[in-house]
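K.L.:
The structure under discussion is supplied below as structure tokens; questions concerning it will follow.
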Amino acid sequence: MAAPALGVRSSDAPAPDAAAAAAPAPDAAAAAAASTAMPKHEFSVDMTCEGCSNAVSRVLNKLGGVEFDIDLPNKKVCISSDHSVDILLETLEKTGKAVSYLGPK
């Protein structure tokens with residue numbers, strides 16, 4: 001009787017096309033990311049120094065579910081979030097600074 005061959009059994013090896021089929025097409029991934037993009041909102045916040053912008057960062061990070069950019073020289077904060085504008089305004093007001101909603105970005 002012949003000894004069984006050592007090595008990988010055919011059932012353990014992935015099919016040649018399995019890796020390609022499992023990975024989504026780049027266009028499909030880009031379309032999925034675009035459809036789930038969070039709305040962007042722009043706010044004016046009376047920030048005068050780095051301490052002010054740090055306070056804005058702190059309250060937004062604590063809220064969670066946001067991505068934001070702070071433009072200290074222009075006293076603007078652009079926030080991408082699924083939170084309502086009212087929640088974002090309330091959160092920014094926790095800094096003690098004057099805040100106003102400028103509109104969607």
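By convention in this document, the chains of the structure tokens carry letters A, B, ... by their order, each chain's residues are numbered from 1, and ligands are numbered from 1 in the order they are shown.
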Residues at most 6 Å from stretch 55-67 of chain A, counting only C-alpha atoms, excluding those fewer than 2 positions away in the same chain, as a ChimeraX atom specification?

P.N.:
/A:52-53,79-81,95

K.L.:
For a test of reading the model, state the distance in Å between atom CA of A:Ala98 and atom CA of A:Ser84, rounded to one decimal.

P.N.:
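Rounded to one decimal, the two atoms are 18.7 Å apart.
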
K.L.:
Do a neighbour search on A:Leu72 at 8 Å with only C-alpha atoms, toss out local chain neighbours closer than 2 positions, and write the hits as a VMD selection string.

P.N.:
chain A and resid 47 to 50 53 70 74 to 76

K.L.:
Suppose you want the space between atom CA of A:Asn54 and atom CA of A:Gly96; what is it in Å?

P.N.:
12.6 Å
